[in-house]
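structure-v9.txt (compact mmCIF, C-alpha atoms) appears below.
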# COMPACT_ATOMS: atom_id res chain seq x y z
CA MET A 11 104.97 43.95 94.82
CA PRO A 12 101.58 44.80 96.25
CA THR A 13 101.32 44.86 100.02
CA ARG A 14 98.47 43.13 101.92
CA SER A 15 96.49 45.61 103.95
CA ALA A 16 95.59 44.78 107.52
CA PRO A 17 91.91 44.07 108.15
CA SER A 18 90.00 47.00 109.54
CA SER A 19 88.64 46.96 113.07
CA SER A 20 85.10 46.92 111.67
CA GLY A 21 86.00 43.91 109.55
CA ARG A 22 87.37 42.06 112.56
CA GLU A 23 84.20 42.83 114.53
CA GLU A 24 82.05 41.62 111.64
CA GLY A 25 84.00 38.39 111.45
CA ARG A 26 83.63 37.74 115.15
CA ALA A 27 79.92 38.47 114.93
CA THR A 28 79.54 36.02 112.03
CA LYS A 29 81.28 33.27 114.01
CA LYS A 30 79.08 33.99 117.02
CA VAL A 31 75.94 33.64 114.89
CA LYS A 32 77.20 30.34 113.48
CA ARG A 33 77.92 29.01 116.96
CA SER A 34 74.48 30.15 118.10
CA ASN A 35 72.79 28.41 115.18
CA SER A 36 74.71 25.21 115.79
CA THR A 37 73.20 24.91 119.29
CA SER A 38 69.71 26.11 118.44
CA GLY A 39 66.62 24.02 117.80
CA SER A 40 65.26 23.18 121.19
CA GLY A 41 67.27 26.08 122.55
CA SER A 42 69.31 23.86 124.85
CA THR A 43 72.92 23.01 125.37
CA GLY A 44 72.14 20.45 128.08
CA GLY A 45 71.53 17.41 125.91
CA VAL A 46 68.11 18.05 124.36
CA PRO A 47 68.40 17.41 120.61
CA PRO A 48 67.94 20.36 118.23
CA LEU A 49 64.52 19.11 117.16
CA GLY A 50 62.24 22.07 117.79
CA LYS A 51 62.18 23.54 114.30
CA PHE A 52 62.02 20.08 112.70
CA LEU A 53 59.15 18.91 114.90
CA ALA A 54 57.22 22.06 113.98
CA SER A 55 57.98 21.80 110.27
CA SER A 56 55.13 22.22 107.79
CA GLU A 57 56.46 19.15 105.90
CA LYS A 58 55.21 15.81 107.22
CA PRO A 59 58.33 13.79 106.19
CA ILE A 60 60.50 16.18 108.21
CA ARG A 61 58.20 15.90 111.22
CA ASP A 62 58.22 12.11 110.97
CA LYS A 63 62.03 12.02 111.01
CA ALA A 64 62.06 14.39 113.96
CA VAL A 65 59.66 12.16 115.92
CA ALA A 66 61.90 9.16 115.17
CA SER A 67 64.90 11.11 116.49
CA LEU A 68 62.89 12.11 119.53
CA THR A 69 62.10 8.46 120.24
CA LYS A 70 65.82 7.63 120.24
CA PHE A 71 66.56 10.59 122.49
CA LEU A 72 63.94 9.72 125.10
CA SER A 73 65.00 6.06 125.28
CA ALA A 74 68.75 6.76 125.11
CA GLY A 75 69.33 5.50 128.64
CA LYS A 76 67.68 2.13 128.04
CA LEU A 77 70.25 -0.61 128.47
CA PRO A 78 70.16 -3.64 126.15
CA LEU A 79 68.47 -6.62 127.76
CA LYS A 80 70.51 -9.78 127.83
CA ASN A 81 67.60 -12.05 128.68
CA GLU A 82 63.97 -12.00 129.73
CA ASP A 83 64.86 -12.31 133.42
CA GLU A 84 66.58 -8.92 133.33
CA LYS A 85 63.42 -7.34 131.98
CA GLU A 86 61.32 -8.92 134.72
CA GLU A 87 63.77 -7.72 137.36
CA LEU A 88 63.40 -4.15 136.11
CA LEU A 89 59.59 -4.27 136.07
CA GLY A 90 59.02 -6.29 139.23
CA GLY A 91 59.80 -5.89 142.89
CA ASP A 92 59.36 -2.93 145.21
CA LEU A 93 60.36 0.60 144.33
CA ASP A 94 63.12 1.74 146.69
CA TRP A 95 62.44 5.49 146.77
CA ASP A 96 65.12 6.26 149.38
CA LYS A 97 68.21 4.65 147.88
CA GLU A 98 68.05 5.15 144.14
CA TRP A 99 69.29 8.04 142.01
CA LYS A 100 67.44 11.09 140.72
CA PRO A 101 66.46 11.40 137.05
CA ASP A 102 69.11 12.85 134.74
CA SER A 103 69.25 16.55 133.92
CA ARG A 104 68.11 16.08 130.30
CA LEU A 105 64.54 15.85 131.56
CA ASP A 106 64.44 18.71 134.03
CA GLU A 107 61.63 21.26 133.90
CA LEU A 108 63.41 23.77 131.66
CA GLU A 109 64.55 21.20 129.12
CA MET A 110 61.09 19.63 128.98
CA ALA A 111 59.52 23.04 128.37
CA LYS A 112 61.79 23.55 125.36
CA LEU A 113 61.26 20.07 124.01
CA TRP A 114 57.50 20.08 124.44
CA LYS A 115 57.16 23.37 122.62
CA GLY A 116 58.35 21.58 119.47
CA ILE A 117 56.24 18.46 120.13
CA TYR A 118 53.14 20.60 120.62
CA TYR A 119 53.51 22.28 117.26
CA CYS A 120 54.35 18.96 115.64
CA PHE A 121 50.84 17.86 116.54
CA TRP A 122 49.45 21.29 115.68
CA MET A 123 50.72 20.87 112.10
CA SER A 124 49.07 17.47 111.56
CA ASP A 125 46.03 18.12 109.38
CA LYS A 126 44.34 14.86 108.33
CA PRO A 127 42.17 12.78 110.71
CA LEU A 128 44.06 9.51 110.24
CA VAL A 129 47.40 11.29 110.54
CA GLN A 130 46.22 13.04 113.69
CA GLN A 131 45.01 9.80 115.28
CA ALA A 132 48.24 7.97 114.52
CA LEU A 133 50.42 10.84 115.74
CA ALA A 134 48.40 11.24 118.95
CA GLN A 135 49.02 7.58 119.76
CA THR A 136 52.70 7.81 118.82
CA LEU A 137 53.29 10.84 121.01
CA ALA A 138 51.44 9.29 123.96
CA ASP A 139 53.40 6.04 123.59
CA LEU A 140 56.64 7.99 123.93
CA THR A 141 55.77 8.18 127.64
CA LEU A 142 56.29 4.44 127.96
CA ILE A 143 59.83 4.48 126.53
CA VAL A 144 61.26 7.39 128.55
CA ARG A 145 64.45 6.26 130.29
CA PRO A 146 67.13 8.06 132.30
CA LYS A 147 70.41 8.37 130.41
CA SER A 148 73.30 6.67 132.16
CA THR A 149 75.76 3.91 131.36
CA LYS A 150 75.68 2.80 135.00
CA PRO A 151 73.02 0.14 135.68
CA GLU A 152 72.43 1.46 139.20
CA LYS A 153 71.27 4.76 137.68
CA ASN A 154 68.66 3.10 135.49
CA GLY A 155 66.40 1.62 138.15
CA ARG A 156 62.66 1.81 138.45
CA VAL A 157 62.62 4.98 140.56
CA GLU A 158 64.68 6.84 137.94
CA ARG A 159 62.38 5.60 135.23
CA VAL A 160 59.25 6.72 137.10
CA LYS A 161 60.67 10.18 137.85
CA SER A 162 61.83 10.61 134.25
CA THR A 163 58.41 9.57 132.99
CA MET A 164 56.66 12.00 135.32
CA ALA A 165 58.96 14.81 134.12
CA PHE A 166 57.89 14.05 130.55
CA LEU A 167 54.20 13.98 131.50
CA LYS A 168 54.51 17.23 133.42
CA GLY A 169 56.08 18.85 130.37
CA PHE A 170 53.07 17.78 128.33
CA TRP A 171 50.46 19.14 130.73
CA VAL A 172 52.27 22.43 131.39
CA THR A 173 52.60 23.03 127.66
CA VAL A 174 48.99 22.13 126.88
CA CYS A 175 47.65 24.35 129.66
CA ARG A 176 49.82 27.25 128.55
CA GLU A 177 48.97 26.96 124.85
CA TRP A 178 45.29 26.08 125.27
CA VAL A 179 44.00 29.64 124.85
CA GLY A 180 45.59 29.79 121.40
CA LEU A 181 43.61 26.84 120.03
CA ASP A 182 40.95 27.58 117.44
CA ARG A 183 37.74 25.61 116.92
CA LEU A 184 39.26 23.69 114.00
CA ARG A 185 42.03 22.21 116.15
CA ILE A 186 40.30 21.80 119.50
CA ASP A 187 38.89 18.33 118.77
CA LYS A 188 42.21 16.81 117.78
CA PHE A 189 43.80 18.15 120.98
CA TYR A 190 40.96 16.62 122.97
CA LEU A 191 41.97 13.34 121.33
CA LEU A 192 45.61 13.87 122.28
CA ILE A 193 44.61 14.51 125.89
CA ARG A 194 42.54 11.34 125.95
CA ARG A 195 45.56 9.35 124.78
CA PHE A 196 47.76 10.87 127.48
CA ILE A 197 45.24 10.11 130.23
CA GLU A 198 45.20 6.50 129.04
CA VAL A 199 48.98 6.23 128.91
CA GLY A 200 49.24 7.77 132.39
CA PHE A 201 47.23 4.82 133.71
CA LYS A 202 49.42 2.44 131.70
CA VAL A 203 52.54 3.85 133.34
CA LEU A 204 51.08 3.26 136.80
CA GLU A 205 50.00 -0.25 135.83
CA ARG A 206 53.53 -0.98 134.62
CA GLU A 207 54.83 0.04 138.03
CA ASP A 208 52.36 -2.27 139.79
CA TRP A 209 50.26 0.71 140.94
CA ASP A 210 52.95 1.72 143.42
CA PRO A 211 51.48 4.24 145.94
CA LYS A 212 54.39 6.68 145.60
CA ALA A 213 54.21 6.53 141.80
CA ILE A 214 50.48 7.31 141.99
CA GLU A 215 51.23 10.19 144.35
CA LEU A 216 53.74 11.65 141.88
CA TYR A 217 51.28 11.26 139.01
CA ASN A 218 48.52 12.96 141.00
CA GLU A 219 50.90 15.83 141.76
CA VAL A 220 51.54 16.29 138.05
CA LEU A 221 47.80 16.82 137.53
CA THR A 222 47.18 19.11 140.50
CA SER A 223 50.43 21.10 140.84
CA PRO A 224 50.89 24.53 139.20
CA GLY A 225 50.70 24.11 135.44
CA GLY A 226 48.61 20.95 135.71
CA PRO A 227 45.08 20.58 134.28
CA LEU A 228 43.49 20.16 137.73
CA HIS A 229 45.22 23.14 139.34
CA VAL A 230 41.95 25.03 139.30
CA GLU A 231 43.08 27.54 141.92
CA SER A 232 44.95 29.32 139.14
CA ALA A 233 43.01 31.53 136.74
CA LYS A 234 45.44 30.39 134.02
CA THR A 235 44.18 26.80 134.12
CA PRO A 236 41.60 26.36 131.32
CA HIS A 237 38.32 25.16 132.80
CA SER A 238 37.43 23.34 129.59
CA LEU A 239 40.54 21.22 130.09
CA THR A 240 39.47 20.34 133.62
CA PHE A 241 36.00 19.50 132.30
CA HIS A 242 37.44 17.18 129.66
CA LEU A 243 39.51 15.22 132.19
CA SER A 244 36.42 14.60 134.32
CA ASP A 245 34.52 13.50 131.21
CA ILE A 246 37.04 10.87 130.10
CA PHE A 247 38.48 9.53 133.37
CA LEU A 248 36.14 6.55 133.69
CA ASP A 249 36.26 5.62 130.00
CA GLU A 250 40.07 5.55 129.91
CA LEU A 251 40.42 3.70 133.21
CA GLU A 252 37.89 1.16 131.95
CA ARG A 253 39.99 0.71 128.81
CA VAL A 254 43.22 0.15 130.74
CA SER A 255 41.55 -2.14 133.28
CA THR A 256 40.86 -4.71 130.57
CA SER A 257 44.55 -5.65 130.59
CA VAL A 258 44.73 -6.13 134.37
CA SER A 259 44.67 -9.75 135.50
CA SER A 260 43.70 -9.33 139.17
CA PRO A 261 41.99 -6.79 141.48
CA THR A 262 44.90 -4.34 141.72
CA VAL A 263 43.61 -1.03 140.32
CA PRO A 264 43.47 1.42 143.27
CA LEU A 265 40.36 3.35 142.27
CA VAL A 266 40.18 5.55 145.37
CA ALA A 267 43.84 6.57 145.06
CA LEU A 268 43.37 7.46 141.39
CA LEU A 269 40.32 9.58 142.25
CA GLN A 270 42.22 11.67 144.82
CA PRO A 271 43.19 14.55 142.48
CA TYR A 272 39.56 14.85 141.37
CA MET A 273 38.34 14.79 144.96
CA ARG A 274 40.86 17.49 145.76
CA THR A 275 39.56 19.53 142.82
CA LEU A 276 36.09 19.39 144.36
CA THR A 277 37.47 20.87 147.58
CA VAL A 278 39.18 23.82 145.88
CA ALA A 279 36.80 24.38 142.94
CA PRO A 280 36.52 28.17 142.58
CA SER A 281 33.16 28.03 140.80
CA SER A 282 29.97 26.01 140.76
CA PRO A 283 30.37 24.85 137.11
CA ILE A 284 33.64 23.07 137.91
CA PHE A 285 32.15 21.37 140.97
CA ALA A 286 28.98 20.38 139.10
CA ARG A 287 30.89 19.00 136.12
CA LEU A 288 33.00 16.65 138.25
CA ILE A 289 29.93 15.44 140.12
CA GLU A 290 27.79 14.92 137.01
CA LYS A 291 30.43 13.39 134.74
CA LEU A 292 32.62 11.45 137.15
CA PHE A 293 31.33 10.71 140.64
CA LYS A 294 27.62 10.35 139.95
CA PRO A 295 28.03 7.97 136.94
CA LEU A 296 30.46 5.88 138.97
CA LEU A 297 28.03 5.49 141.85
CA ILE A 298 25.08 4.82 139.55
CA ALA A 299 27.07 2.09 137.83
CA PHE A 300 28.15 0.40 141.06
CA PHE A 301 25.04 0.68 143.21
CA PRO A 302 22.15 -1.64 142.28
CA PRO A 303 19.17 0.01 140.56
CA SER A 304 16.84 1.79 142.94
CA THR A 305 13.59 0.02 143.80
CA LYS A 306 11.82 3.33 144.39
CA PRO A 307 9.13 4.19 141.83
CA GLN A 308 10.51 6.60 139.25
CA PRO A 309 8.54 9.66 138.14
CA ARG A 310 6.75 9.23 134.84
CA ARG A 311 8.61 10.66 131.90
CA ARG A 312 6.82 12.78 129.35
CA LYS A 313 6.97 11.73 125.73
CA LYS A 314 8.87 14.81 124.74
CA ASP A 315 11.58 13.88 127.24
CA GLY A 316 12.49 10.86 125.14
CA PRO A 317 13.80 7.53 126.48
CA PRO A 318 15.78 7.58 129.74
CA PRO A 319 19.58 7.69 129.35
CA PRO A 320 21.30 4.29 129.45
CA ARG A 321 22.66 3.21 132.81
CA PRO A 322 26.46 3.69 132.85
CA GLU A 323 28.51 0.52 133.10
CA TYR A 324 32.16 0.03 133.99
CA PRO A 325 32.53 -3.73 134.40
CA GLN A 326 36.30 -3.82 134.02
CA ILE A 327 36.87 -1.19 136.69
CA LEU A 328 34.54 -3.04 139.03
CA GLU A 329 36.16 -6.37 138.29
CA HIS A 330 39.75 -5.22 138.77
CA CYS A 331 39.67 -2.38 141.29
CA LEU A 332 41.54 -2.97 144.51
CA GLU A 333 38.58 -1.88 146.62
CA ALA A 334 36.57 -4.88 145.35
CA GLN A 335 38.73 -7.14 147.50
CA GLY A 336 36.50 -6.18 150.42
CA GLU A 337 33.72 -8.41 149.04
CA GLY A 338 33.20 -11.42 151.22
CA GLU A 339 34.76 -9.80 154.28
CA ALA A 340 32.69 -8.75 157.26
CA GLU A 341 32.05 -5.28 155.84
CA GLY A 342 30.95 -6.72 152.53
CA GLU A 343 28.52 -9.38 153.72
CA GLY A 344 25.10 -9.00 152.18
CA GLN A 345 26.34 -6.40 149.70
CA THR A 346 27.13 -6.59 146.04
CA ARG A 347 30.65 -6.09 144.81
CA GLY A 348 29.66 -2.70 143.43
CA GLU A 349 28.20 -1.54 146.75
CA VAL A 350 31.45 -2.32 148.54
CA VAL A 351 33.43 -0.23 146.05
CA ALA A 352 30.92 2.63 145.91
CA LYS A 353 30.82 2.96 149.69
CA LYS A 354 34.61 3.17 149.84
CA VAL A 355 34.58 5.93 147.22
CA LEU A 356 31.92 7.85 149.16
CA LYS A 357 33.73 7.38 152.45
CA SER A 358 36.96 8.71 150.97
CA LEU A 359 35.11 11.69 149.49
CA PHE A 360 33.52 12.39 152.88
CA GLU A 361 36.94 12.27 154.57
CA VAL A 362 38.48 14.58 151.97
CA GLY A 363 35.64 17.05 152.48
CA GLY A 364 36.33 17.07 156.20
CA ARG A 365 39.91 18.28 155.93
CA PRO A 366 40.45 21.57 157.79
CA GLU A 367 41.83 23.42 154.77
CA VAL A 368 38.70 22.79 152.65
CA ASP A 369 36.57 25.82 151.81
CA GLU A 370 33.37 25.74 153.86
CA HIS A 371 31.15 26.30 150.82
CA ASN A 372 32.66 23.32 148.98
CA ARG A 373 32.59 21.22 152.14
CA ARG A 374 28.83 21.67 152.46
CA LYS A 375 28.30 20.69 148.81
CA ILE A 376 30.45 17.57 149.21
CA TYR A 377 28.54 16.54 152.33
CA GLN A 378 25.27 17.19 150.55
CA PHE A 379 26.27 14.93 147.64
CA VAL A 380 27.29 12.15 150.04
CA ALA A 381 24.04 12.54 152.01
CA GLU A 382 21.92 12.36 148.86
CA SER A 383 23.36 8.91 148.14
CA GLU A 384 21.43 7.70 151.22
CA VAL A 385 24.21 5.29 152.11
CA ASP A 386 25.17 4.40 155.65
CA LEU A 387 28.96 4.79 155.55
CA ASP A 388 29.34 3.18 158.99
Could you express the structure from this file as structure tokens?
Amino acid sequence: MPTRSAPSSSGREEGRATKKVKRSNSTSGSGSTGGVPPLGKFLASSEKPIRDKAVASLTKFLSAGKLPLKNEDEKEELLGGDLDWDKEWKPDSRLDELEMAKLWKGIYYCFWMSDKPLVQQALAQTLADLTLIVRPKSTKPEKNGRVERVKSTMAFLKGFWVTVCREWVGLDRLRIDKFYLLIRRFIEVGFKVLEREDWDPKAIELYNEVLTSPGGPLHVESAKTPHSLTFHLSDIFLDELERVSTSVSSPTVPLVALLQPYMRTLTVAPSSPIFARLIEKLFKPLLIAFFPPSTKPQPRRRKKDGPPPPRPEYPQILEHCLEAQGEGEAEGEGQTRGEVVAKKVLKSLFEVGGRPEVDEHNRRKIYQFVAESEVDLD
């Protein structure tokens, strides 16, 4: 009767190694064991049907903490009222910085792989809309309040911006335009998030920190922040805020608060091109749109100069911005609605420029821009 030989030590080692590889593969994907789904390789698949299924799974993952609503009153209770920042819970660990970095790596390459214009447009909107369904994961209602939702949403947005800033240098000219589109969608949805939270000051502060903190697109102090990304945000700010303002029913949009990260960028801009771009594409068009046309005679234009550029208009921002509530008060008597708003923007910019930590060179340029407006801020 043949005897069964004992397995060799090398065979035992090989078996253990095989099991270790299998266990490793079973937890791979996003590279996390903390609750992030193994979606990385599926999101970055070259096959569109696989990517679509991965995005659907991602949607379920991000909204996993959303409790079923029993009636419409419960929904209103969640969306309304004040945000109690001192008493509510922190966001769950699924959405911490490390997990978001892993998850966003896959999402980034999911968009990278999209190759047709209509597909790119649809996917850009889908990915941006994910921001609006992010929920903390907990079966306890007290852990699914508005503060938790805001913090979870900001964690998701931060993951987006950190990933885009890190990967930006690897974009080629064939993909740059579609990522500009994606960024535009995320700027719009950022405003939608703040609108949903009734433009809460603390929520705006957290959102502004996402943009200006290390890894954000307005953290221009770092040499790793792509200047072209900062330029693009200044180019699209007014257009996207105008778009979102159309859905606002009353003067509630805090324009000055939303401009704070861009004002801060002016104070720390390490180069003249960054400073000039923000002035020319954001602050100057805003003031031109809100101040009445100048009655001073304009210099004659030569034929080769072509027709003058159209005057910028942002009627929805003007109609719904919080600063417009000053019209009719003592400070607004004899002034148009736009003048009231424009003066408040200039006054805030002047105050930001006067902060002690501001670089003296940038301070002088800010003061010069305010002085050139020829507006009496008193």
Review point. What lies within 7 Å of region 64-75 of chain A using all atoms listed in the file, ignoring chain neighbours under 6 positions off, as JSON, numbers by chain?
Key: {"A": [49, 52, 53, 140, 143, 144, 145, 146, 147, 148]}
Review point. Which residue out of A:Glu329, A:Ser232, A:Pro322, A:Trp209 has the minimum interatomic distance to Ser259 (chain A) when all atoms listed in the file are used?
Key: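 Distance minimum relative to Ser259 (chain A) lands on A:Glu329.
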Point to revise | Nearest-residue call for Glu231 (chain A), choices A:Gln130, A:Glu361, A:Arg373, A:Pro280, using only C-alpha atoms | key: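 Between A:Gln130, A:Glu361, A:Arg373, A:Pro280, the residue approaching Glu231 (chain A) most closely is A:Pro280.
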Practice item. Enter the distance from CA of Pro224 (chain A) to CA of Arg195 (chain A), in Å, rounded to one decimal. Key: 21.6 Å
**Study point:** Selection near region 348-360 of chain A, 9 Å with only C-alpha atoms, sequence-local residues under 6 positions removed, as number ranges by chain
**Key:** A: 265-266, 269-270, 273-274, 293, 296-302, 328, 331-337, 341-342, 373, 376-377, 380, 383, 385-388
Check your understanding: Smallest atom-to-atom distance to Ser103 (chain A): which of A:Arg176, A:Lys161, A:His237, A:Arg183, using only C-alpha atoms?
Key ->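 Smallest distance to Ser103 (chain A) is found for A:Lys161.
We find CA of Lys375 (chain A) and CA of Tyr272 (chain A) to be spaced 14.7 Å apart.
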Practice item. Rounded to one decimal place, report the CA of Ala111 (chain A)-CA of Ser55 (chain A) distance in Å. Key: 18.2 Å
Revision key, fill the gap. Nearest to Phe285 (chain A), restricted to only C-alpha atoms and choosing among A:Trp171, A:Phe241, A:Trp178, A:Tyr119, comes out as A:Phe241
**Study point:** Long-range neighbours of Leu181 (chain A) as number ranges by chain, 12 Å cut-off, all atoms listed in the file, 3 positions minimum in chain
**Key:** A: 118-119, 122, 174-178, 184-190, 236, 238-239
**Study point:** Within 10 Å of Ala134 (chain A) using only C-alpha atoms, minus same-chain residues under 3 positions, as a PyMOL selection string
**Key:** chain A and resi 121+124+128-131+137-139+188-189+191-196
Exercise for review: Around the point (39.3, 24.6, 150.0), in the coordinates given by the file, pick out the residues reaching within 7 Å, counting all atoms listed in the file, and return them as a ChimeraX atom specification.
Suggested key: /A:277-278,367-369,372
Which residues, written as a tab-separated table (two decimals) with C-alpha atoms, in the frame of the given file, have at least one atom at most 10 Å from Tyr217 (chain A), with all atoms listed in the file counted and residues fewer than 2 positions away on the same chain left out?
chain	number	residue	atom	x	y	z
A	160	VAL	CA	59.25	6.72	137.10
A	161	LYS	CA	60.67	10.18	137.85
A	163	THR	CA	58.41	9.57	132.99
A	164	MET	CA	56.66	12.00	135.32
A	165	ALA	CA	58.96	14.81	134.12
A	167	LEU	CA	54.20	13.98	131.50
A	168	LYS	CA	54.51	17.23	133.42
A	200	GLY	CA	49.24	7.77	132.39
A	201	PHE	CA	47.23	4.82	133.71
A	203	VAL	CA	52.54	3.85	133.34
A	204	LEU	CA	51.08	3.26	136.80
A	211	PRO	CA	51.48	4.24	145.94
A	212	LYS	CA	54.39	6.68	145.60
A	213	ALA	CA	54.21	6.53	141.80
A	214	ILE	CA	50.48	7.31	141.99
A	215	GLU	CA	51.23	10.19	144.35
A	219	GLU	CA	50.90	15.83	141.76
A	220	VAL	CA	51.54	16.29	138.05
A	221	LEU	CA	47.80	16.82	137.53
A	222	THR	CA	47.18	19.11	140.50
A	268	LEU	CA	43.37	7.46	141.39
A	271	PRO	CA	43.19	14.55	142.48
